[in-house]
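Pasting my_file_11.cif here (mmCIF, C-alpha atoms):
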```
data_protein
#
loop_
_atom_site.label_atom_id
_atom_site.label_comp_id
_atom_site.auth_asym_id
_atom_site.auth_seq_id
_atom_site.Cartn_x
_atom_site.Cartn_y
_atom_site.Cartn_z
CA MET M 7 0.00 0.00 0.00
CA ALA M 8 1.54 3.30 -1.04
CA GLN M 9 1.59 6.26 1.31
CA GLY M 10 -1.54 8.40 1.25
CA LEU M 11 -3.65 6.05 -0.85
CA ALA M 12 -7.09 5.00 0.33
CA ALA M 13 -6.96 1.95 2.52
CA VAL M 14 -8.78 -1.25 1.65
CA ALA M 15 -9.65 -3.97 4.14
CA GLY M 16 -7.04 -6.66 3.96
CA ASP M 17 -4.22 -4.35 2.86
CA ALA M 18 -0.93 -5.22 4.47
CA LEU M 19 1.00 -2.36 6.01
CA PRO M 20 4.65 -1.92 4.99
CA VAL M 21 6.84 -4.08 7.19
CA VAL M 22 9.44 -2.38 9.37
CA ARG M 23 12.42 -4.40 10.61
CA LYS M 24 14.94 -3.17 13.14
CA GLN M 25 17.81 -4.79 14.97
CA ILE M 26 18.00 -3.88 18.63
CA THR M 27 21.44 -3.06 20.01
CA GLN M 28 22.57 -2.05 23.49
CA GLU M 29 24.04 1.09 21.93
CA GLN M 30 20.60 1.97 20.59
CA LEU M 31 19.09 1.55 24.06
CA GLY M 32 21.63 4.04 25.34
CA ARG M 33 20.78 6.53 22.58
CA TYR M 34 17.07 6.11 23.24
CA ALA M 35 17.59 6.55 26.99
CA ASN M 36 19.39 9.82 26.34
CA ALA M 37 16.63 11.07 24.03
CA SER M 38 13.74 9.91 26.19
CA GLY M 39 15.25 10.57 29.61
CA ASP M 40 14.27 7.03 30.65
CA HIS M 41 17.43 5.71 32.26
CA ASN M 42 15.74 2.75 33.95
CA PRO M 43 18.60 0.31 34.71
CA LEU M 44 16.47 -2.49 33.29
CA HIS M 45 17.37 -1.05 29.87
CA LEU M 46 20.92 0.06 30.52
CA ASP M 47 22.60 -1.84 33.36
CA PRO M 48 23.40 -5.48 32.51
CA GLN M 49 24.26 -6.30 36.13
CA PHE M 50 20.95 -4.93 37.42
CA ALA M 51 18.98 -6.48 34.58
CA ALA M 52 20.63 -9.89 35.11
CA LYS M 53 18.95 -10.10 38.51
CA THR M 54 15.47 -9.47 37.13
CA GLN M 55 12.98 -11.88 35.61
CA PHE M 56 14.39 -10.99 32.17
CA GLY M 57 17.97 -12.05 32.89
CA GLY M 58 19.39 -9.14 30.89
CA THR M 59 18.63 -5.73 29.51
CA ILE M 60 15.49 -5.16 27.47
CA ALA M 61 14.41 -2.41 25.11
CA HIS M 62 12.19 0.46 26.19
CA GLY M 63 8.58 -0.25 25.29
CA MET M 64 8.27 3.16 23.67
CA LEU M 65 11.26 2.37 21.43
CA VAL M 66 9.55 -0.76 20.14
CA LEU M 67 6.32 1.19 19.76
CA ALA M 68 8.18 3.74 17.63
CA PHE M 69 8.67 0.97 15.06
CA VAL M 70 4.89 0.51 14.88
CA SER M 71 4.44 4.25 14.44
CA GLU M 72 7.08 4.28 11.69
CA MET M 73 5.12 1.56 9.89
CA LEU M 74 1.92 3.60 10.17
CA THR M 75 3.71 6.74 8.98
CA ALA M 76 5.01 4.81 5.97
CA ALA M 77 1.49 3.55 5.26
CA PHE M 78 -0.62 6.65 5.86
CA GLY M 79 1.79 9.58 5.79
CA ARG M 80 0.49 12.89 7.10
CA ALA M 81 -2.88 11.33 7.97
CA TRP M 82 -1.19 9.27 10.70
CA LEU M 83 0.33 12.39 12.22
CA ASP M 84 -2.97 14.32 12.04
CA SER M 85 -5.44 11.69 13.18
CA GLY M 86 -3.73 8.50 14.33
CA ARG M 87 -4.94 6.53 17.33
CA LEU M 88 -3.08 3.62 18.83
CA LYS M 89 -3.90 1.20 21.61
CA VAL M 90 -1.42 -1.55 22.42
CA ARG M 91 -0.30 -3.96 25.07
CA PHE M 92 3.33 -4.79 25.67
CA ARG M 93 3.45 -8.58 25.77
CA GLY M 94 7.13 -9.44 25.77
CA PRO M 95 10.57 -7.89 25.95
CA ALA M 96 12.80 -7.02 23.00
CA ARG M 97 16.42 -7.71 23.81
CA PRO M 98 19.70 -6.49 22.36
CA GLY M 99 20.48 -8.73 19.40
CA ASP M 100 16.84 -9.25 18.49
CA THR M 101 15.56 -8.30 15.08
CA VAL M 102 12.12 -6.82 15.64
CA GLN M 103 9.52 -6.84 12.90
CA ALA M 104 6.50 -4.53 12.94
CA THR M 105 3.60 -5.71 10.80
CA GLY M 106 -0.03 -4.86 10.37
CA ARG M 107 -3.04 -4.99 8.12
CA VAL M 108 -6.15 -2.95 7.51
CA LYS M 109 -8.94 -4.74 9.32
CA SER M 110 -11.84 -2.57 8.16
CA VAL M 111 -12.66 0.75 6.56
CA ASP M 112 -15.81 2.52 7.77
CA GLY M 113 -16.31 5.76 5.91
CA GLN M 114 -12.99 7.55 6.31
CA LEU M 115 -11.87 5.58 9.33
CA ALA M 116 -9.44 2.76 8.72
CA LYS M 117 -8.92 0.29 11.56
CA CYS M 118 -5.75 -1.76 11.58
CA GLU M 119 -4.30 -4.64 13.53
CA VAL M 120 -0.67 -4.07 14.45
CA GLU M 121 2.00 -6.11 16.17
CA CYS M 122 5.72 -6.47 16.72
CA ARG M 123 7.49 -9.79 16.92
CA ALA M 124 11.01 -10.76 17.81
CA SER M 125 12.99 -12.97 15.45
CA SER M 126 12.10 -15.87 17.77
CA GLY M 127 8.44 -15.34 16.85
CA GLU M 128 7.54 -14.02 20.29
CA VAL M 129 4.90 -11.30 20.18
CA LEU M 130 6.30 -8.16 21.80
CA VAL M 131 3.51 -5.67 21.12
CA SER M 132 -0.03 -6.14 19.82
CA GLY M 133 -2.98 -3.86 19.41
CA GLU M 134 -5.04 -1.69 17.13
CA ALA M 135 -4.56 1.54 15.25
CA GLU M 136 -7.07 3.88 13.64
CA VAL M 137 -6.51 6.62 11.11
CA ARG M 138 -8.71 8.85 8.96
CA VAL M 139 -8.03 8.18 5.29
CA ALA M 140 -9.19 9.85 2.10
CA MET X 27 11.61 18.67 44.34
CA THR X 28 10.89 15.28 42.79
CA THR X 29 8.58 12.56 44.10
CA SER X 30 8.92 8.94 42.98
CA LEU X 31 6.01 7.65 40.96
CA ALA X 32 5.73 4.87 43.53
CA ALA X 33 4.56 7.35 46.18
CA ILE X 34 1.86 9.00 44.09
CA PRO X 35 -1.84 8.16 44.68
CA LYS X 36 -4.77 7.88 42.28
CA GLY X 37 -6.08 11.29 41.30
CA HIS X 38 -2.71 12.99 41.65
CA GLU X 39 -2.23 15.75 39.10
CA PHE X 40 1.32 16.33 37.96
CA PRO X 41 2.54 19.90 37.64
CA PRO X 42 2.17 21.02 34.01
CA ALA X 43 5.40 20.41 32.11
CA THR X 44 6.35 22.67 29.22
CA PHE X 45 9.04 21.65 26.75
CA THR X 46 10.23 22.50 23.26
CA LEU X 47 10.78 19.95 20.51
CA THR X 48 14.07 21.47 19.43
CA PRO X 49 15.37 20.44 16.00
CA GLU X 50 18.45 19.00 17.72
CA TRP X 51 16.40 16.85 20.07
CA VAL X 52 14.14 15.69 17.23
CA ARG X 53 17.21 14.74 15.18
CA ASP X 54 18.59 12.72 18.11
CA TYR X 55 15.22 11.03 18.65
CA VAL X 56 14.84 10.09 14.98
CA ALA X 57 18.37 8.69 14.99
CA ALA X 58 17.73 6.72 18.19
CA VAL X 59 14.60 5.01 16.86
CA GLY X 60 15.91 4.80 13.27
CA ASP X 61 12.72 6.28 11.81
CA ASP X 62 13.13 6.09 8.02
CA ALA X 63 9.55 7.18 7.25
CA ILE X 64 9.13 10.60 8.86
CA ALA X 65 11.34 12.38 6.33
CA GLY X 66 8.93 11.31 3.60
CA VAL X 67 6.01 13.15 5.22
CA GLY X 68 7.42 16.62 4.90
CA ASP X 69 10.00 19.02 6.14
CA SER X 70 10.37 19.34 9.91
CA PHE X 71 7.43 17.18 10.98
CA VAL X 72 8.06 15.32 14.21
CA PRO X 73 7.36 11.59 14.60
CA PRO X 74 4.21 11.44 16.70
CA MET X 75 5.85 9.03 19.11
CA ALA X 76 8.44 11.72 19.81
CA ILE X 77 5.68 13.86 21.31
CA ALA X 78 4.77 11.00 23.59
CA ALA X 79 8.41 10.31 24.47
CA LEU X 80 9.17 13.91 25.37
CA SER X 81 5.95 14.23 27.36
CA ILE X 82 6.89 11.16 29.37
CA ARG X 83 10.40 12.57 29.79
CA ALA X 84 8.99 15.75 31.31
CA LEU X 85 6.88 13.71 33.72
CA ILE X 86 9.75 11.38 34.65
CA GLU X 87 11.87 14.37 35.54
CA ALA X 88 9.21 15.42 38.06
CA SER X 89 8.40 11.90 39.26
CA PRO X 90 11.18 9.36 38.61
CA LEU X 91 10.17 5.82 37.72
CA PRO X 92 11.08 3.14 40.27
CA ALA X 93 13.91 0.90 39.06
CA GLY X 94 12.51 -2.06 37.17
CA THR X 95 9.35 -0.30 36.02
CA LEU X 96 7.69 -2.07 33.09
CA HIS X 97 5.45 -0.53 30.45
CA ALA X 98 2.30 -2.65 30.30
CA GLY X 99 0.16 -0.71 27.82
CA GLN X 100 -0.14 2.50 25.87
CA GLU X 101 -2.96 4.43 24.26
CA LEU X 102 -2.29 7.48 22.09
CA ALA X 103 -4.42 9.79 19.95
CA PHE X 104 -2.88 12.45 17.76
CA GLN X 105 -4.96 15.49 16.83
CA ARG X 106 -2.57 17.27 14.49
CA ALA X 107 0.94 17.03 13.11
CA VAL X 108 3.59 18.84 15.12
CA ARG X 109 6.71 20.50 13.72
CA ALA X 110 10.17 20.75 15.22
CA GLY X 111 10.56 23.93 17.20
CA GLU X 112 7.06 23.91 18.69
CA SER X 113 6.60 24.32 22.43
CA LEU X 114 4.19 21.93 24.09
CA THR X 115 2.66 21.59 27.54
CA ALA X 116 1.84 18.22 29.09
CA ASN X 117 -0.81 17.87 31.79
CA ALA X 118 -1.04 14.48 33.43
CA ARG X 119 -3.05 12.77 36.12
CA VAL X 120 -2.96 9.35 37.77
CA ALA X 121 -6.14 7.73 36.47
CA SER X 122 -5.87 4.50 38.42
CA ARG X 123 -3.61 2.75 40.87
CA GLY X 124 -3.87 -0.74 42.25
CA GLU X 125 -1.69 -3.36 43.88
CA ARG X 126 -1.68 -7.07 43.21
CA ALA X 127 0.77 -9.82 44.04
CA GLY X 128 3.45 -7.37 45.08
CA TRP X 129 3.19 -5.17 41.99
CA VAL X 130 1.65 -1.74 41.50
CA LEU X 131 -0.36 -1.22 38.31
CA MET X 132 -0.76 2.46 37.52
CA SER X 133 -2.38 4.30 34.60
CA VAL X 134 -1.48 7.91 33.84
CA ASP X 135 -3.57 10.07 31.50
CA VAL X 136 -1.76 12.81 29.62
CA ASP X 137 -2.98 15.72 27.50
CA VAL X 138 -0.40 17.56 25.42
CA SER X 139 -1.25 20.97 24.00
CA ALA X 140 0.29 23.74 21.96
CA GLY X 141 -1.03 27.21 22.58
CA GLY X 142 -4.08 25.77 24.32
CA GLU X 143 -4.88 23.38 21.43
CA THR X 144 -4.64 19.68 22.23
CA VAL X 145 -2.24 17.91 19.90
CA MET X 146 -2.05 14.51 21.64
CA THR X 147 -3.77 12.60 24.39
CA GLY X 148 -2.74 9.31 25.86
CA ARG X 149 -2.81 6.81 28.67
CA ALA X 150 0.29 4.97 29.82
CA THR X 151 -0.06 1.91 32.02
CA VAL X 152 3.03 0.93 33.97
CA THR X 153 3.78 -1.65 36.62
CA PHE X 154 6.52 -1.77 39.23
CA PRO X 155 7.30 -3.71 42.41
CA VAL X 156 5.54 -2.47 45.54
CA GLU X 157 8.90 -2.35 47.29
CA GLY X 158 9.88 0.27 44.69
CA ARG X 159 8.21 2.79 46.91
#
```
Any chance you could give the structure as structure tokens?
Amino acid sequence: MAQGLAAVAGDALPVVRKQITQEQLGRYANASGDHNPLHLDPQFAAKTQFGGTIAHGMLVLAFVSEMLTAAFGRAWLDSGRLKVRFRGPARPGDTVQATGRVKSVDGQLAKCEVECRASSGEVLVSGEAEVRVA
Amino acid sequence: MTTSLAAIPKGHEFPPATFTLTPEWVRDYVAAVGDDAIAGVGDSFVPPMAIAALSIRALIEASPLPAGTLHAGQELAFQRAVRAGESLTANARVASRGERAGWVLMSVDVDVSAGGETVMTGRATVTFPVEGR
């Protein structure tokens, strides 16, 4: 689906793939101000249920937003709505894939299913997005 | 003075936080998340998630997150595109707070405006150990 075109139920959204690195978590921490040691301190994170550092949820969610920007362009910025649950952690070394599809189009409102998965297949983020389309 | 999020009750209203999406900060944010799509939308538009990230940053500075805080859910609604250089104000309130099995589950509602016009609303749900207090 090209950016800005009318959405049709069943359309796949453009896939976004990103590799998570510890360096990226540091850059995101500096930009976001979220210096939670769970993301940055391997010794702290090793003692948690995750056994190591994990990515910020809002970093992973940015990949979903990038996918929706690629799909809907300015309309996503002007009218996007997103509701997600964080279901699993993305870890340094993971390749994360954001995918989605248009579930329905009612008038000008397109409803989409969105998710992120790790390369292991584990679902990291799932939810729904809405956007007004032409 | 800062107060840890762990000590804040339901209904608490955070002090309004005003911040500017400087071009330098936006550039750093886009590089950090590797957003390859925003440049295709138009000159100087800000990724909508950057608005959310900087709003949360302003709130964290006033009320630090307990170590080990996890993000459980997020709702966001964008009302208009925002450009680099705009100044925004975030108002936030603790919408709910509960404890279960040693963990706090807290939802925070946020309204972000520019010149009195809402540009984004959202609800963040986070969880952290009770002992984080």
Given the file shown, determine the residues that the PyMOL selection byres ((chain X and resi 72) around 7) selects; report them as a compact mmCIF listing (two decimals) with C-alpha atoms, in the coordinates of the input.
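Writing the result to selection.txt gives the following:
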```txt
# COMPACT_ATOMS: atom_id res chain seq x y z
CA VAL X 52 14.14 15.69 17.23
CA SER X 70 10.37 19.34 9.91
CA PHE X 71 7.43 17.18 10.98
CA PRO X 73 7.36 11.59 14.60
CA PRO X 74 4.21 11.44 16.70
CA ALA X 76 8.44 11.72 19.81
CA VAL X 108 3.59 18.84 15.12
CA ARG X 109 6.71 20.50 13.72
CA ALA X 110 10.17 20.75 15.22
```
Contact set, chain X to chain M: 10 Å, only C-alpha atoms, as a VMD selection string
chain X and resid 51 to 68 71 to 76 78 to 87 90 to 108 145 to 151
Output C-alpha atoms for every residue in that selection, as a short mmCIF file (atom, residue, chain, number, x, y, z; two decimals), in the frame of the given file.
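Saved the output as out22.cif:
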```
data_model
loop_
_atom_site.label_atom_id
_atom_site.label_comp_id
_atom_site.auth_asym_id
_atom_site.auth_seq_id
_atom_site.Cartn_x
_atom_site.Cartn_y
_atom_site.Cartn_z
CA TRP X 51 16.40 16.85 20.07
CA VAL X 52 14.14 15.69 17.23
CA ARG X 53 17.21 14.74 15.18
CA ASP X 54 18.59 12.72 18.11
CA TYR X 55 15.22 11.03 18.65
CA VAL X 56 14.84 10.09 14.98
CA ALA X 57 18.37 8.69 14.99
CA ALA X 58 17.73 6.72 18.19
CA VAL X 59 14.60 5.01 16.86
CA GLY X 60 15.91 4.80 13.27
CA ASP X 61 12.72 6.28 11.81
CA ASP X 62 13.13 6.09 8.02
CA ALA X 63 9.55 7.18 7.25
CA ILE X 64 9.13 10.60 8.86
CA ALA X 65 11.34 12.38 6.33
CA GLY X 66 8.93 11.31 3.60
CA VAL X 67 6.01 13.15 5.22
CA GLY X 68 7.42 16.62 4.90
CA PHE X 71 7.43 17.18 10.98
CA VAL X 72 8.06 15.32 14.21
CA PRO X 73 7.36 11.59 14.60
CA PRO X 74 4.21 11.44 16.70
CA MET X 75 5.85 9.03 19.11
CA ALA X 76 8.44 11.72 19.81
CA ALA X 78 4.77 11.00 23.59
CA ALA X 79 8.41 10.31 24.47
CA LEU X 80 9.17 13.91 25.37
CA SER X 81 5.95 14.23 27.36
CA ILE X 82 6.89 11.16 29.37
CA ARG X 83 10.40 12.57 29.79
CA ALA X 84 8.99 15.75 31.31
CA LEU X 85 6.88 13.71 33.72
CA ILE X 86 9.75 11.38 34.65
CA GLU X 87 11.87 14.37 35.54
CA PRO X 90 11.18 9.36 38.61
CA LEU X 91 10.17 5.82 37.72
CA PRO X 92 11.08 3.14 40.27
CA ALA X 93 13.91 0.90 39.06
CA GLY X 94 12.51 -2.06 37.17
CA THR X 95 9.35 -0.30 36.02
CA LEU X 96 7.69 -2.07 33.09
CA HIS X 97 5.45 -0.53 30.45
CA ALA X 98 2.30 -2.65 30.30
CA GLY X 99 0.16 -0.71 27.82
CA GLN X 100 -0.14 2.50 25.87
CA GLU X 101 -2.96 4.43 24.26
CA LEU X 102 -2.29 7.48 22.09
CA ALA X 103 -4.42 9.79 19.95
CA PHE X 104 -2.88 12.45 17.76
CA GLN X 105 -4.96 15.49 16.83
CA ARG X 106 -2.57 17.27 14.49
CA ALA X 107 0.94 17.03 13.11
CA VAL X 108 3.59 18.84 15.12
CA VAL X 145 -2.24 17.91 19.90
CA MET X 146 -2.05 14.51 21.64
CA THR X 147 -3.77 12.60 24.39
CA GLY X 148 -2.74 9.31 25.86
CA ARG X 149 -2.81 6.81 28.67
CA ALA X 150 0.29 4.97 29.82
CA THR X 151 -0.06 1.91 32.02
#
```
Hits from the PyMOL selection byres ((chain M and resi 117) around 6), listed as a PDB file with C-alpha atoms, in the coordinates of the input:
```
ATOM      1  CA  VAL M 108      -6.150  -2.950   7.510  1.00  0.00           C
ATOM      2  CA  LYS M 109      -8.940  -4.740   9.320  1.00  0.00           C
ATOM      3  CA  SER M 110     -11.840  -2.570   8.160  1.00  0.00           C
ATOM      4  CA  ALA M 116      -9.440   2.760   8.720  1.00  0.00           C
ATOM      5  CA  CYS M 118      -5.750  -1.760  11.580  1.00  0.00           C
ATOM      6  CA  ALA M 135      -4.560   1.540  15.250  1.00  0.00           C
ATOM      7  CA  GLU M 136      -7.070   3.880  13.640  1.00  0.00           C
TER       8      GLU M 136
END
```
Taking the file as shown, what set of residues would the PyMOL selection byres ((chain M and resi 99) around 7) give back, as a list in words?
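Expected selection for the PyMOL selection byres ((chain M and resi 99) around 7) here is Gln25, Ile26, Thr27, Arg97, Pro98, Asp100 and Thr101 of chain M.
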Polymer residues at most 12 Å from range 28-33 of chain X, only C-alpha atoms, same-chain spacing of 4 or more positions, as a PDB file with C-alpha atoms, keeping the file's coordinate frame:
```pdb
ATOM      1  CA  HIS X  38      -2.710  12.990  41.650  1.00  0.00           C
ATOM      2  CA  GLU X  39      -2.230  15.750  39.100  1.00  0.00           C
ATOM      3  CA  PHE X  40       1.320  16.330  37.960  1.00  0.00           C
ATOM      4  CA  PRO X  41       2.540  19.900  37.640  1.00  0.00           C
ATOM      5  CA  ALA X  84       8.990  15.750  31.310  1.00  0.00           C
ATOM      6  CA  LEU X  85       6.880  13.710  33.720  1.00  0.00           C
ATOM      7  CA  ILE X  86       9.750  11.380  34.650  1.00  0.00           C
ATOM      8  CA  GLU X  87      11.870  14.370  35.540  1.00  0.00           C
ATOM      9  CA  ALA X  88       9.210  15.420  38.060  1.00  0.00           C
ATOM     10  CA  SER X  89       8.400  11.900  39.260  1.00  0.00           C
ATOM     11  CA  PRO X  90      11.180   9.360  38.610  1.00  0.00           C
ATOM     12  CA  LEU X  91      10.170   5.820  37.720  1.00  0.00           C
ATOM     13  CA  PRO X  92      11.080   3.140  40.270  1.00  0.00           C
ATOM     14  CA  ALA X  93      13.910   0.900  39.060  1.00  0.00           C
ATOM     15  CA  GLY X  94      12.510  -2.060  37.170  1.00  0.00           C
ATOM     16  CA  THR X  95       9.350  -0.300  36.020  1.00  0.00           C
ATOM     17  CA  ARG X 119      -3.050  12.770  36.120  1.00  0.00           C
ATOM     18  CA  VAL X 120      -2.960   9.350  37.770  1.00  0.00           C
ATOM     19  CA  ARG X 123      -3.610   2.750  40.870  1.00  0.00           C
ATOM     20  CA  GLY X 124      -3.870  -0.740  42.250  1.00  0.00           C
ATOM     21  CA  GLU X 125      -1.690  -3.360  43.880  1.00  0.00           C
ATOM     22  CA  TRP X 129       3.190  -5.170  41.990  1.00  0.00           C
ATOM     23  CA  VAL X 130       1.650  -1.740  41.500  1.00  0.00           C
ATOM     24  CA  LEU X 131      -0.360  -1.220  38.310  1.00  0.00           C
ATOM     25  CA  MET X 132      -0.760   2.460  37.520  1.00  0.00           C
ATOM     26  CA  SER X 133      -2.380   4.300  34.600  1.00  0.00           C
ATOM     27  CA  VAL X 134      -1.480   7.910  33.840  1.00  0.00           C
ATOM     28  CA  VAL X 152       3.030   0.930  33.970  1.00  0.00           C
ATOM     29  CA  THR X 153       3.780  -1.650  36.620  1.00  0.00           C
ATOM     30  CA  PHE X 154       6.520  -1.770  39.230  1.00  0.00           C
ATOM     31  CA  PRO X 155       7.300  -3.710  42.410  1.00  0.00           C
ATOM     32  CA  VAL X 156       5.540  -2.470  45.540  1.00  0.00           C
ATOM     33  CA  GLU X 157       8.900  -2.350  47.290  1.00  0.00           C
ATOM     34  CA  GLY X 158       9.880   0.270  44.690  1.00  0.00           C
ATOM     35  CA  ARG X 159       8.210   2.790  46.910  1.00  0.00           C
TER      36      ARG X 159
END
```
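Separating CA of Gly58 in chain M from CA of Val21 in chain M is a distance of 27.3 Å.
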Can you measure CA of Ala13 in chain M to CA of Val111 in chain M for me? One decimal in Å is fine.
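Distance between the two atoms: 7.1 Å.
Nearest to Glu112 in chain X of all the residues X:Glu143, X:Lys36, X:Gly128, X:Phe45 is X:Phe45, counting only C-alpha atoms.
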Residue among X:Gly142, X:Pro49, X:Pro42, X:Gly37 lying closest to Asn117 in chain X, counting all atoms listed in the file:
X:Pro42
Name the residues in contact with Arg107 in chain M at a cut-off of 9 Å, using only C-alpha atoms, excluding same-chain residues fewer than 5 positions from it; report them as an mmCIF file with C-alpha atoms, in the frame of the given file.
```
data_model
loop_
_atom_site.group_PDB
_atom_site.id
_atom_site.type_symbol
_atom_site.label_atom_id
_atom_site.label_comp_id
_atom_site.auth_asym_id
_atom_site.auth_seq_id
_atom_site.Cartn_x
_atom_site.Cartn_y
_atom_site.Cartn_z
ATOM 1 C CA ALA M 15 -9.650 -3.970 4.140
ATOM 2 C CA GLY M 16 -7.040 -6.660 3.960
ATOM 3 C CA ASP M 17 -4.220 -4.350 2.860
ATOM 4 C CA ALA M 18 -0.930 -5.220 4.470
ATOM 5 C CA LEU M 19 1.000 -2.360 6.010
ATOM 6 C CA PRO M 20 4.650 -1.920 4.990
ATOM 7 C CA LYS M 117 -8.920 0.290 11.560
ATOM 8 C CA CYS M 118 -5.750 -1.760 11.580
ATOM 9 C CA GLU M 119 -4.300 -4.640 13.530
ATOM 10 C CA VAL M 120 -0.670 -4.070 14.450
#
```
Quick one: pull the distance between CA of Pro35 in chain X and CA of Val136 in chain X, Å, one decimal.
15.8 Å
Using the structure block above, produce a file of range 80-124 of chain M that contains C-alpha atoms, as a PDB file, in the first residue's frame.
```
ATOM      1  CA  ARG M  80       0.494  12.893   7.103  1.00  0.00           C
ATOM      2  CA  ALA M  81      -2.880  11.332   7.972  1.00  0.00           C
ATOM      3  CA  TRP M  82      -1.185   9.266  10.700  1.00  0.00           C
ATOM      4  CA  LEU M  83       0.326  12.394  12.221  1.00  0.00           C
ATOM      5  CA  ASP M  84      -2.970  14.317  12.043  1.00  0.00           C
ATOM      6  CA  SER M  85      -5.440  11.686  13.178  1.00  0.00           C
ATOM      7  CA  GLY M  86      -3.728   8.501  14.330  1.00  0.00           C
ATOM      8  CA  ARG M  87      -4.941   6.525  17.333  1.00  0.00           C
ATOM      9  CA  LEU M  88      -3.082   3.617  18.829  1.00  0.00           C
ATOM     10  CA  LYS M  89      -3.900   1.195  21.611  1.00  0.00           C
ATOM     11  CA  VAL M  90      -1.425  -1.550  22.425  1.00  0.00           C
ATOM     12  CA  ARG M  91      -0.296  -3.956  25.075  1.00  0.00           C
ATOM     13  CA  PHE M  92       3.332  -4.789  25.670  1.00  0.00           C
ATOM     14  CA  ARG M  93       3.453  -8.576  25.768  1.00  0.00           C
ATOM     15  CA  GLY M  94       7.126  -9.439  25.775  1.00  0.00           C
ATOM     16  CA  PRO M  95      10.572  -7.891  25.948  1.00  0.00           C
ATOM     17  CA  ALA M  96      12.797  -7.019  22.998  1.00  0.00           C
ATOM     18  CA  ARG M  97      16.423  -7.708  23.809  1.00  0.00           C
ATOM     19  CA  PRO M  98      19.702  -6.493  22.357  1.00  0.00           C
ATOM     20  CA  GLY M  99      20.477  -8.728  19.396  1.00  0.00           C
ATOM     21  CA  ASP M 100      16.835  -9.252  18.491  1.00  0.00           C
ATOM     22  CA  THR M 101      15.563  -8.304  15.083  1.00  0.00           C
ATOM     23  CA  VAL M 102      12.125  -6.819  15.644  1.00  0.00           C
ATOM     24  CA  GLN M 103       9.521  -6.838  12.899  1.00  0.00           C
ATOM     25  CA  ALA M 104       6.495  -4.530  12.939  1.00  0.00           C
ATOM     26  CA  THR M 105       3.597  -5.715  10.804  1.00  0.00           C
ATOM     27  CA  GLY M 106      -0.034  -4.858  10.367  1.00  0.00           C
ATOM     28  CA  ARG M 107      -3.036  -4.986   8.119  1.00  0.00           C
ATOM     29  CA  VAL M 108      -6.147  -2.955   7.505  1.00  0.00           C
ATOM     30  CA  LYS M 109      -8.945  -4.740   9.315  1.00  0.00           C
ATOM     31  CA  SER M 110     -11.840  -2.575   8.156  1.00  0.00           C
ATOM     32  CA  VAL M 111     -12.661   0.746   6.557  1.00  0.00           C
ATOM     33  CA  ASP M 112     -15.806   2.519   7.775  1.00  0.00           C
ATOM     34  CA  GLY M 113     -16.308   5.764   5.912  1.00  0.00           C
ATOM     35  CA  GLN M 114     -12.994   7.552   6.311  1.00  0.00           C
ATOM     36  CA  LEU M 115     -11.874   5.577   9.330  1.00  0.00           C
ATOM     37  CA  ALA M 116      -9.437   2.755   8.722  1.00  0.00           C
ATOM     38  CA  LYS M 117      -8.925   0.289  11.559  1.00  0.00           C
ATOM     39  CA  CYS M 118      -5.750  -1.760  11.583  1.00  0.00           C
ATOM     40  CA  GLU M 119      -4.301  -4.642  13.528  1.00  0.00           C
ATOM     41  CA  VAL M 120      -0.669  -4.074  14.448  1.00  0.00           C
ATOM     42  CA  GLU M 121       2.003  -6.113  16.167  1.00  0.00           C
ATOM     43  CA  CYS M 122       5.724  -6.471  16.717  1.00  0.00           C
ATOM     44  CA  ARG M 123       7.490  -9.793  16.918  1.00  0.00           C
ATOM     45  CA  ALA M 124      11.008 -10.760  17.808  1.00  0.00           C
TER      46      ALA M 124
END
```
